[in-house]
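Asks: Got a file for you: protein38.cif, mmCIF, N, CA and C atoms.
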```
data_coords
#
loop_
_atom_site.label_atom_id
_atom_site.label_comp_id
_atom_site.auth_asym_id
_atom_site.auth_seq_id
_atom_site.Cartn_x
_atom_site.Cartn_y
_atom_site.Cartn_z
N MET A 1 94.40 97.91 90.73
CA MET A 1 95.65 98.57 91.02
C MET A 1 95.81 99.72 90.03
N LYS A 2 96.27 100.82 90.57
CA LYS A 2 96.62 101.96 89.74
C LYS A 2 98.05 102.36 90.08
N SER A 3 98.73 102.90 89.09
CA SER A 3 100.10 103.36 89.36
C SER A 3 100.36 104.63 88.57
N GLN A 4 101.32 105.37 89.07
CA GLN A 4 101.73 106.60 88.39
C GLN A 4 103.23 106.77 88.56
N LEU A 5 103.89 107.06 87.46
CA LEU A 5 105.30 107.43 87.50
C LEU A 5 105.34 108.88 87.94
N VAL A 6 105.90 109.14 89.13
CA VAL A 6 105.87 110.50 89.67
C VAL A 6 107.19 111.24 89.49
N ASN A 7 108.26 110.49 89.17
CA ASN A 7 109.54 111.14 88.93
C ASN A 7 110.44 110.19 88.14
N GLU A 8 111.24 110.79 87.26
CA GLU A 8 112.25 110.02 86.54
C GLU A 8 113.44 110.94 86.33
N ASP A 9 114.60 110.49 86.82
CA ASP A 9 115.80 111.33 86.73
C ASP A 9 117.04 110.44 86.75
N SER A 10 117.87 110.56 85.76
CA SER A 10 119.15 109.85 85.68
C SER A 10 119.01 108.34 85.88
N GLY A 11 118.03 107.74 85.24
CA GLY A 11 117.84 106.30 85.34
C GLY A 11 117.13 105.82 86.57
N GLN A 12 116.66 106.75 87.39
CA GLN A 12 115.94 106.39 88.61
C GLN A 12 114.48 106.81 88.45
N ARG A 13 113.59 105.81 88.56
CA ARG A 13 112.15 106.10 88.48
C ARG A 13 111.53 105.94 89.86
N THR A 14 110.54 106.80 90.13
CA THR A 14 109.76 106.68 91.35
C THR A 14 108.31 106.51 90.96
N PHE A 15 107.70 105.43 91.46
CA PHE A 15 106.30 105.13 91.19
C PHE A 15 105.51 105.21 92.48
N VAL A 16 104.26 105.61 92.36
CA VAL A 16 103.29 105.41 93.44
C VAL A 16 102.30 104.39 92.90
N VAL A 17 102.11 103.32 93.68
CA VAL A 17 101.21 102.23 93.31
C VAL A 17 100.14 102.14 94.38
N VAL A 18 98.87 102.14 93.96
CA VAL A 18 97.76 102.05 94.90
C VAL A 18 96.96 100.79 94.58
N LEU A 19 96.92 99.87 95.54
CA LEU A 19 96.19 98.62 95.35
C LEU A 19 94.76 98.78 95.85
N ASP A 20 93.86 98.02 95.22
CA ASP A 20 92.44 98.09 95.51
C ASP A 20 92.00 96.96 96.43
N PRO A 21 90.81 97.11 97.05
CA PRO A 21 90.28 96.05 97.91
C PRO A 21 90.22 94.72 97.18
N GLY A 22 90.63 93.66 97.89
CA GLY A 22 90.57 92.31 97.34
C GLY A 22 91.82 91.87 96.61
N GLU A 23 92.70 92.80 96.26
CA GLU A 23 93.92 92.43 95.55
C GLU A 23 94.93 91.83 96.52
N GLU A 24 95.70 90.87 96.05
CA GLU A 24 96.74 90.26 96.88
C GLU A 24 98.03 91.04 96.64
N ALA A 25 98.55 91.66 97.67
CA ALA A 25 99.63 92.64 97.56
C ALA A 25 100.93 92.07 97.00
N PHE A 26 101.40 90.94 97.52
CA PHE A 26 102.70 90.42 97.10
C PHE A 26 102.69 90.08 95.61
N ALA A 27 101.64 89.42 95.16
CA ALA A 27 101.54 89.03 93.75
C ALA A 27 101.41 90.25 92.85
N LYS A 28 100.59 91.22 93.25
CA LYS A 28 100.39 92.42 92.42
C LYS A 28 101.67 93.25 92.31
N LEU A 29 102.39 93.40 93.42
CA LEU A 29 103.64 94.17 93.38
C LEU A 29 104.71 93.45 92.57
N THR A 30 104.74 92.13 92.66
CA THR A 30 105.69 91.37 91.83
C THR A 30 105.34 91.53 90.36
N ALA A 31 104.05 91.43 90.01
CA ALA A 31 103.63 91.60 88.62
C ALA A 31 103.94 93.00 88.11
N PHE A 32 103.77 94.00 88.97
CA PHE A 32 104.10 95.38 88.60
C PHE A 32 105.59 95.50 88.27
N ALA A 33 106.43 94.91 89.11
CA ALA A 33 107.88 94.97 88.88
C ALA A 33 108.25 94.29 87.56
N VAL A 34 107.60 93.19 87.24
CA VAL A 34 107.85 92.51 85.97
C VAL A 34 107.41 93.39 84.80
N GLU A 35 106.20 93.94 84.89
CA GLU A 35 105.66 94.78 83.81
C GLU A 35 106.51 96.02 83.55
N GLN A 36 107.05 96.60 84.61
CA GLN A 36 107.84 97.83 84.49
C GLN A 36 109.34 97.55 84.35
N THR A 37 109.70 96.28 84.26
CA THR A 37 111.11 95.85 84.17
C THR A 37 111.98 96.50 85.25
N VAL A 38 111.52 96.39 86.48
CA VAL A 38 112.26 96.92 87.62
C VAL A 38 113.28 95.87 88.04
N GLY A 39 114.56 96.20 87.96
CA GLY A 39 115.60 95.27 88.32
C GLY A 39 116.21 95.52 89.69
N SER A 40 115.95 96.70 90.24
CA SER A 40 116.51 97.05 91.53
C SER A 40 115.70 98.21 92.09
N ALA A 41 115.17 98.06 93.30
CA ALA A 41 114.35 99.13 93.87
C ALA A 41 114.19 98.92 95.37
N SER A 42 113.80 100.00 96.03
CA SER A 42 113.36 99.91 97.41
C SER A 42 111.90 100.34 97.43
N LEU A 43 111.18 99.89 98.46
CA LEU A 43 109.77 100.27 98.54
C LEU A 43 109.35 100.44 99.98
N THR A 44 108.34 101.28 100.16
CA THR A 44 107.68 101.45 101.45
C THR A 44 106.18 101.44 101.19
N ALA A 45 105.40 101.04 102.19
CA ALA A 45 103.95 100.99 102.01
C ALA A 45 103.23 101.16 103.34
N ILE A 46 102.03 101.70 103.23
CA ILE A 46 101.08 101.76 104.34
C ILE A 46 99.70 101.44 103.79
N GLY A 47 98.80 101.04 104.67
CA GLY A 47 97.45 100.71 104.25
C GLY A 47 96.84 99.73 105.22
N ALA A 48 96.09 98.76 104.67
CA ALA A 48 95.44 97.76 105.53
C ALA A 48 95.12 96.51 104.73
N PHE A 49 95.02 95.40 105.47
CA PHE A 49 94.65 94.10 104.90
C PHE A 49 93.43 93.55 105.63
N GLU A 50 92.61 92.81 104.91
CA GLU A 50 91.52 92.10 105.58
C GLU A 50 92.04 90.80 106.20
N ARG A 51 93.13 90.29 105.64
CA ARG A 51 93.86 89.15 106.22
C ARG A 51 95.23 89.11 105.58
N ALA A 52 96.15 88.48 106.27
CA ALA A 52 97.52 88.44 105.77
C ALA A 52 98.25 87.23 106.36
N THR A 53 99.39 86.94 105.77
CA THR A 53 100.30 85.92 106.31
C THR A 53 101.70 86.50 106.26
N VAL A 54 102.38 86.42 107.40
CA VAL A 54 103.79 86.82 107.45
C VAL A 54 104.60 85.59 107.84
N GLY A 55 105.87 85.64 107.49
CA GLY A 55 106.74 84.52 107.81
C GLY A 55 107.86 84.95 108.74
N TRP A 56 108.26 84.01 109.56
CA TRP A 56 109.38 84.23 110.48
C TRP A 56 110.48 83.29 110.06
N PHE A 57 111.65 83.84 109.71
CA PHE A 57 112.74 83.00 109.24
C PHE A 57 113.52 82.42 110.39
N ASP A 58 113.79 81.15 110.28
CA ASP A 58 114.60 80.40 111.22
C ASP A 58 115.35 79.38 110.36
N LEU A 59 116.61 79.13 110.63
CA LEU A 59 117.37 78.17 109.82
C LEU A 59 116.74 76.79 109.80
N ASN A 60 116.05 76.42 110.87
CA ASN A 60 115.46 75.08 110.96
C ASN A 60 114.01 75.02 110.51
N ALA A 61 113.29 76.11 110.64
CA ALA A 61 111.86 76.10 110.28
C ALA A 61 111.48 77.46 109.74
N LYS A 62 110.67 77.45 108.72
CA LYS A 62 110.14 78.71 108.17
C LYS A 62 108.69 78.80 108.63
N THR A 63 108.49 79.52 109.71
CA THR A 63 107.19 79.62 110.34
C THR A 63 106.30 80.61 109.61
N LYS A 64 105.05 80.20 109.36
CA LYS A 64 104.05 81.09 108.78
C LYS A 64 103.11 81.53 109.90
N ILE A 65 102.83 82.84 109.93
CA ILE A 65 101.96 83.41 110.95
C ILE A 65 100.73 83.98 110.25
N PRO A 66 99.58 83.29 110.33
CA PRO A 66 98.38 83.82 109.70
C PRO A 66 97.74 84.90 110.57
N ILE A 67 97.24 85.93 109.93
CA ILE A 67 96.48 86.98 110.61
C ILE A 67 95.12 87.00 109.93
N ASP A 68 94.13 86.40 110.59
CA ASP A 68 92.81 86.23 110.00
C ASP A 68 91.82 87.29 110.47
N GLU A 69 92.28 88.54 110.44
CA GLU A 69 91.43 89.66 110.82
C GLU A 69 91.95 90.92 110.15
N GLN A 70 91.10 91.93 110.13
CA GLN A 70 91.50 93.23 109.59
C GLN A 70 92.73 93.72 110.35
N CYS A 71 93.72 94.21 109.63
CA CYS A 71 94.92 94.71 110.27
C CYS A 71 95.47 95.90 109.49
N GLU A 72 96.07 96.81 110.20
CA GLU A 72 96.69 97.98 109.60
C GLU A 72 98.13 97.65 109.21
N VAL A 73 98.52 98.08 108.02
CA VAL A 73 99.93 97.97 107.62
C VAL A 73 100.62 99.19 108.22
N LEU A 74 101.18 99.01 109.40
CA LEU A 74 101.83 100.11 110.10
C LEU A 74 103.13 100.50 109.41
N SER A 75 103.80 99.49 108.87
CA SER A 75 105.04 99.72 108.16
C SER A 75 105.32 98.53 107.26
N ALA A 76 105.69 98.81 106.04
CA ALA A 76 106.17 97.76 105.14
C ALA A 76 107.35 98.35 104.38
N ILE A 77 108.47 97.67 104.46
CA ILE A 77 109.66 98.12 103.75
C ILE A 77 110.25 96.91 103.03
N GLY A 78 110.84 97.17 101.88
CA GLY A 78 111.41 96.05 101.17
C GLY A 78 112.27 96.48 100.00
N ASP A 79 112.64 95.46 99.23
CA ASP A 79 113.45 95.71 98.06
C ASP A 79 113.06 94.76 96.94
N ILE A 80 113.55 95.10 95.77
CA ILE A 80 113.37 94.26 94.60
C ILE A 80 114.76 94.08 94.00
N ALA A 81 115.07 92.84 93.65
CA ALA A 81 116.33 92.51 92.96
C ALA A 81 116.01 91.40 91.98
N LEU A 82 116.83 91.25 90.97
CA LEU A 82 116.64 90.17 90.01
C LEU A 82 117.04 88.85 90.64
N GLY A 83 116.18 87.85 90.51
CA GLY A 83 116.46 86.52 91.05
C GLY A 83 117.33 85.71 90.11
N ASP A 84 117.65 84.50 90.52
CA ASP A 84 118.46 83.60 89.70
C ASP A 84 117.81 83.34 88.34
N ASP A 85 116.47 83.47 88.28
CA ASP A 85 115.75 83.25 87.03
C ASP A 85 115.70 84.51 86.15
N GLY A 86 116.32 85.61 86.61
CA GLY A 86 116.33 86.85 85.84
C GLY A 86 115.09 87.70 85.99
N LYS A 87 114.16 87.28 86.82
CA LYS A 87 112.91 88.02 87.05
C LYS A 87 112.99 88.79 88.36
N PRO A 88 112.23 89.90 88.47
CA PRO A 88 112.22 90.65 89.73
C PRO A 88 111.77 89.78 90.90
N SER A 89 112.51 89.89 91.99
CA SER A 89 112.23 89.13 93.21
C SER A 89 111.96 90.13 94.34
N LEU A 90 110.79 90.03 94.93
CA LEU A 90 110.33 90.95 95.96
C LEU A 90 110.65 90.40 97.35
N HIS A 91 111.13 91.27 98.25
CA HIS A 91 111.41 90.91 99.64
C HIS A 91 110.88 92.05 100.50
N VAL A 92 109.84 91.77 101.28
CA VAL A 92 109.17 92.81 102.07
C VAL A 92 109.01 92.35 103.51
N HIS A 93 109.36 93.23 104.46
CA HIS A 93 109.07 93.02 105.87
C HIS A 93 107.91 93.93 106.23
N ALA A 94 106.99 93.43 107.05
CA ALA A 94 105.82 94.22 107.42
C ALA A 94 105.54 94.11 108.91
N VAL A 95 105.07 95.21 109.48
CA VAL A 95 104.54 95.23 110.84
C VAL A 95 103.05 95.54 110.69
N LEU A 96 102.22 94.62 111.19
CA LEU A 96 100.77 94.75 111.05
C LEU A 96 100.15 94.96 112.42
N GLY A 97 99.31 96.00 112.52
CA GLY A 97 98.68 96.34 113.78
C GLY A 97 97.28 95.75 113.87
N LEU A 98 96.97 95.17 115.03
CA LEU A 98 95.65 94.58 115.27
C LEU A 98 94.78 95.53 116.08
N SER A 99 93.49 95.25 116.13
CA SER A 99 92.54 96.17 116.77
C SER A 99 92.79 96.33 118.26
N ASP A 100 93.44 95.35 118.90
CA ASP A 100 93.71 95.46 120.33
C ASP A 100 95.05 96.13 120.63
N GLY A 101 95.71 96.62 119.59
CA GLY A 101 96.98 97.31 119.77
C GLY A 101 98.19 96.42 119.65
N ASN A 102 97.99 95.11 119.59
CA ASN A 102 99.11 94.20 119.39
C ASN A 102 99.56 94.24 117.93
N THR A 103 100.75 93.74 117.68
CA THR A 103 101.28 93.71 116.33
C THR A 103 101.77 92.32 115.98
N ARG A 104 101.83 92.07 114.69
CA ARG A 104 102.45 90.87 114.13
C ARG A 104 103.40 91.37 113.05
N GLY A 105 104.51 90.71 112.91
CA GLY A 105 105.44 91.16 111.89
C GLY A 105 106.28 90.03 111.35
N GLY A 106 106.87 90.28 110.20
CA GLY A 106 107.75 89.32 109.57
C GLY A 106 107.81 89.58 108.08
N HIS A 107 108.22 88.57 107.34
CA HIS A 107 108.27 88.65 105.88
C HIS A 107 106.84 88.61 105.35
N LEU A 108 106.45 89.57 104.54
CA LEU A 108 105.12 89.55 103.96
C LEU A 108 105.05 88.43 102.94
N LEU A 109 104.18 87.46 103.19
CA LEU A 109 103.97 86.35 102.26
C LEU A 109 102.70 86.54 101.46
N GLU A 110 101.69 87.12 102.11
CA GLU A 110 100.40 87.35 101.44
C GLU A 110 99.66 88.43 102.22
N GLY A 111 98.95 89.28 101.50
CA GLY A 111 98.11 90.29 102.14
C GLY A 111 96.97 90.65 101.21
N ILE A 112 95.75 90.42 101.66
CA ILE A 112 94.57 90.76 100.88
C ILE A 112 94.16 92.18 101.29
N VAL A 113 94.24 93.10 100.35
CA VAL A 113 94.06 94.53 100.62
C VAL A 113 92.62 94.83 100.99
N ARG A 114 92.45 95.67 102.03
CA ARG A 114 91.17 96.28 102.39
C ARG A 114 91.40 97.41 103.36
N PRO A 115 91.18 98.63 103.05
CA PRO A 115 90.62 99.14 101.79
C PRO A 115 91.67 99.53 100.75
N THR A 116 92.93 99.75 101.17
CA THR A 116 93.93 100.20 100.21
C THR A 116 95.32 99.82 100.69
N LEU A 117 96.25 99.80 99.77
CA LEU A 117 97.67 99.74 100.11
C LEU A 117 98.35 100.75 99.22
N GLU A 118 99.04 101.71 99.83
CA GLU A 118 99.72 102.79 99.11
C GLU A 118 101.22 102.54 99.17
N VAL A 119 101.81 102.35 98.00
CA VAL A 119 103.21 101.93 97.91
C VAL A 119 104.00 102.99 97.16
N THR A 120 105.16 103.34 97.69
CA THR A 120 106.12 104.17 96.97
C THR A 120 107.30 103.28 96.63
N LEU A 121 107.59 103.19 95.34
CA LEU A 121 108.65 102.31 94.85
C LEU A 121 109.70 103.18 94.15
N VAL A 122 110.93 103.14 94.63
CA VAL A 122 112.02 103.94 94.09
C VAL A 122 113.04 103.01 93.44
N GLU A 123 113.15 103.12 92.14
CA GLU A 123 114.07 102.28 91.38
C GLU A 123 115.47 102.85 91.44
N ALA A 124 116.43 101.96 91.59
CA ALA A 124 117.84 102.35 91.53
C ALA A 124 118.31 102.25 90.08
N PRO A 125 119.26 103.08 89.68
CA PRO A 125 119.70 103.06 88.29
C PRO A 125 120.44 101.79 87.89
N GLY A 126 121.01 101.05 88.84
CA GLY A 126 121.69 99.79 88.53
C GLY A 126 120.77 98.62 88.79
N HIS A 127 121.27 97.42 88.58
CA HIS A 127 120.49 96.23 88.85
C HIS A 127 121.17 95.40 89.93
N LEU A 128 120.38 94.92 90.87
CA LEU A 128 120.87 94.02 91.91
C LEU A 128 120.48 92.59 91.56
N ARG A 129 121.26 91.63 92.03
CA ARG A 129 120.96 90.22 91.85
C ARG A 129 120.72 89.58 93.20
N ARG A 130 119.72 88.70 93.24
CA ARG A 130 119.44 87.91 94.43
C ARG A 130 119.82 86.48 94.07
N SER A 131 120.75 85.87 94.83
CA SER A 131 121.23 84.53 94.54
C SER A 131 120.89 83.58 95.69
N LYS A 132 120.54 82.37 95.31
CA LYS A 132 120.20 81.33 96.29
C LYS A 132 121.43 80.99 97.13
N ARG A 133 121.24 80.99 98.44
CA ARG A 133 122.29 80.61 99.39
C ARG A 133 121.90 79.25 99.98
N PRO A 134 122.42 78.16 99.42
CA PRO A 134 122.00 76.82 99.86
C PRO A 134 122.17 76.58 101.36
N GLU A 135 123.22 77.14 101.96
CA GLU A 135 123.46 76.90 103.38
C GLU A 135 122.41 77.56 104.26
N LEU A 136 121.70 78.56 103.70
CA LEU A 136 120.64 79.25 104.46
C LEU A 136 119.25 78.88 103.96
N GLY A 137 119.17 78.37 102.74
CA GLY A 137 117.86 78.00 102.18
C GLY A 137 117.07 79.18 101.66
N VAL A 138 117.73 80.31 101.42
CA VAL A 138 117.04 81.50 100.91
C VAL A 138 117.92 82.20 99.87
N ALA A 139 117.29 83.06 99.08
CA ALA A 139 118.02 83.88 98.12
C ALA A 139 118.23 85.25 98.74
N LEU A 140 119.48 85.72 98.72
CA LEU A 140 119.84 87.02 99.29
C LEU A 140 120.53 87.88 98.24
N ILE A 141 120.49 89.19 98.43
CA ILE A 141 121.17 90.08 97.50
C ILE A 141 122.66 89.74 97.49
N ASP A 142 123.18 89.60 96.29
CA ASP A 142 124.57 89.22 96.08
C ASP A 142 125.27 90.37 95.37
N LEU A 143 126.03 91.16 96.09
CA LEU A 143 126.69 92.33 95.51
C LEU A 143 127.83 91.96 94.57
N ASP A 144 128.28 90.71 94.60
CA ASP A 144 129.33 90.27 93.71
C ASP A 144 128.80 89.75 92.37
N ALA A 145 127.49 89.55 92.28
CA ALA A 145 126.90 88.97 91.05
C ALA A 145 126.84 89.98 89.93
#
```
Show me, as structure tokens, the structure contained in the file I just sent.
Replies:
Amino acid sequence: MKSQLVNEDSGQRTFVVVLDPGEEAFAKLTAFAVEQTVGSASLTAIGAFERATVGWFDLNAKTKIPIDEQCEVLSAIGDIALGDDGKPSLHVHAVLGLSDGNTRGGHLLEGIVRPTLEVTLVEAPGHLRRSKRPELGVALIDLDA
């Protein structure tokens, strides 16, 4: 993984992060956010995975959808907020394109990069908090925190 700070103005940093083949995207981006002390940000990404897993949220079941083939990251958008543990928490939705033109999409749970993933991460000057919502079983951004 390589990264470059491409802009910094009034407490807002913009990074470009480029992941290498074989790297696991969710873990690498989370580690990057921890290393750079990113407390609040939005991100977009394009690239490709050799395999990936996305999740589909349902109140009764959290379905995992494995994609065991090369796929294009047609769109990935997400955010970073501080979790209940005080560490950056990544939330990314992705649409992945398959060779036959079909797509799979959902919450990005895992993606093994091949050949690249190009990410633009824009930090907000404030910090957001993500708090566990027991009635939903997930942590969501809490604007009152």
Asks: For A:Thr53, which residue among A:Glu110, A:Glu23, A:Cys71, A:Thr120 is the nearest when counting all atoms listed in the file?
Replies: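 When distances to A:Thr53 are compared using all atoms listed in the file, the smallest one comes from A:Glu110.
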Asks: Using only C-alpha atoms, which residue out of A:Ala94, A:Ala25, A:Ala81, A:Ala33 lies closest to A:Arg129?
Replies: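 Answer, going by the shortest atom-to-atom distance: A:Ala81.
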Asks: Could you give me the centre and size, in Å to one decimal, of an axis-aligned box around all listed atoms of stretch 114-121 of chain A with 5 Å added on every side, as lines of an AutoDock Vina configuration file?
Replies:
```
center_x = 100.2
center_y = 99.9
center_z = 98.8
size_x = 29.1
size_y = 18.5
size_z = 19.2
```
Asks: Hey, can you check how far atom CA of A:Ser3 sits from atom CA of A:Val18?
Replies: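 A separation of 6.2 Å between them.
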Asks: If I put a ball of radius 6.5 Å at (103.9, 105.4, 93.0) in the file's coordinates, which residues poke into it when counting all atoms listed in the file, written as a compact mmCIF listing (two decimals) with N, CA and C atoms, in the frame of the given file?
Replies:
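As written to disk, point.txt reads:
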```
# COMPACT_ATOMS: atom_id res chain seq x y z
N SER A 3 98.73 102.90 89.09
CA SER A 3 100.10 103.36 89.36
C SER A 3 100.36 104.63 88.57
N GLN A 4 101.32 105.37 89.07
CA GLN A 4 101.73 106.60 88.39
C GLN A 4 103.23 106.77 88.56
N LEU A 5 103.89 107.06 87.46
CA LEU A 5 105.30 107.43 87.50
C LEU A 5 105.34 108.88 87.94
N VAL A 6 105.90 109.14 89.13
CA VAL A 6 105.87 110.50 89.67
C VAL A 6 107.19 111.24 89.49
N THR A 14 110.54 106.80 90.13
CA THR A 14 109.76 106.68 91.35
C THR A 14 108.31 106.51 90.96
N PHE A 15 107.70 105.43 91.46
CA PHE A 15 106.30 105.13 91.19
C PHE A 15 105.51 105.21 92.48
N VAL A 16 104.26 105.61 92.36
CA VAL A 16 103.29 105.41 93.44
C VAL A 16 102.30 104.39 92.90
N VAL A 17 102.11 103.32 93.68
CA VAL A 17 101.21 102.23 93.31
C VAL A 17 100.14 102.14 94.38
N VAL A 18 98.87 102.14 93.96
CA VAL A 18 97.76 102.05 94.90
C VAL A 18 96.96 100.79 94.58
N VAL A 119 101.81 102.35 98.00
CA VAL A 119 103.21 101.93 97.91
C VAL A 119 104.00 102.99 97.16
N THR A 120 105.16 103.34 97.69
CA THR A 120 106.12 104.17 96.97
C THR A 120 107.30 103.28 96.63
N LEU A 121 107.59 103.19 95.34
CA LEU A 121 108.65 102.31 94.85
C LEU A 121 109.70 103.18 94.15
```
Asks: Considering all atoms listed in the file, return as a list in words whatever protein or nucleic-acid residues lie within 8 Å of A:Val34, sequence-local ones (same chain, fewer than 4 positions apart) excluded.
Replies: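 Returned residues: Lys28, Leu29, Thr30, Val38, Gly39, Lys87, Pro88 and Ser89 of chain A.
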Asks: Taking (104.1, 87.5, 109.3) in the coordinates of the supplied file, I want to know which residues reach to within 7 Å of it, counting all atoms listed in the file; could you give the answer as a short mmCIF file (atom, residue, chain, number, x, y, z; two decimals) with N, CA and C atoms, keeping the file's coordinate frame?
Replies:
```cif
data_model
loop_
_atom_site.label_atom_id
_atom_site.label_comp_id
_atom_site.auth_asym_id
_atom_site.auth_seq_id
_atom_site.Cartn_x
_atom_site.Cartn_y
_atom_site.Cartn_z
N ALA A 52 96.15 88.48 106.27
CA ALA A 52 97.52 88.44 105.77
C ALA A 52 98.25 87.23 106.36
N THR A 53 99.39 86.94 105.77
CA THR A 53 100.30 85.92 106.31
C THR A 53 101.70 86.50 106.26
N VAL A 54 102.38 86.42 107.40
CA VAL A 54 103.79 86.82 107.45
C VAL A 54 104.60 85.59 107.84
N GLY A 55 105.87 85.64 107.49
CA GLY A 55 106.74 84.52 107.81
C GLY A 55 107.86 84.95 108.74
N TRP A 56 108.26 84.01 109.56
CA TRP A 56 109.38 84.23 110.48
C TRP A 56 110.48 83.29 110.06
N LYS A 64 105.05 80.20 109.36
CA LYS A 64 104.05 81.09 108.78
C LYS A 64 103.11 81.53 109.90
N ILE A 65 102.83 82.84 109.93
CA ILE A 65 101.96 83.41 110.95
C ILE A 65 100.73 83.98 110.25
N PRO A 66 99.58 83.29 110.33
CA PRO A 66 98.38 83.82 109.70
C PRO A 66 97.74 84.90 110.57
N ALA A 94 106.99 93.43 107.05
CA ALA A 94 105.82 94.22 107.42
C ALA A 94 105.54 94.11 108.91
N ARG A 104 101.83 92.07 114.69
CA ARG A 104 102.45 90.87 114.13
C ARG A 104 103.40 91.37 113.05
N GLY A 105 104.51 90.71 112.91
CA GLY A 105 105.44 91.16 111.89
C GLY A 105 106.28 90.03 111.35
N GLY A 106 106.87 90.28 110.20
CA GLY A 106 107.75 89.32 109.57
C GLY A 106 107.81 89.58 108.08
N HIS A 107 108.22 88.57 107.34
CA HIS A 107 108.27 88.65 105.88
C HIS A 107 106.84 88.61 105.35
N LEU A 108 106.45 89.57 104.54
CA LEU A 108 105.12 89.55 103.96
C LEU A 108 105.05 88.43 102.94
N LEU A 109 104.18 87.46 103.19
CA LEU A 109 103.97 86.35 102.26
C LEU A 109 102.70 86.54 101.46
#
```
Asks: Considering only C-alpha atoms, can you say which of A:Pro115, A:Gly101, A:Gly83, A:Gly78 comes closest to A:Leu19?
Replies: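 Closest candidate: A:Pro115.
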Asks: Grab the atom C of A:Ile141 to atom CA of A:Leu59 distance for me, in Å with one decimal place.
Replies: 17.7 Å
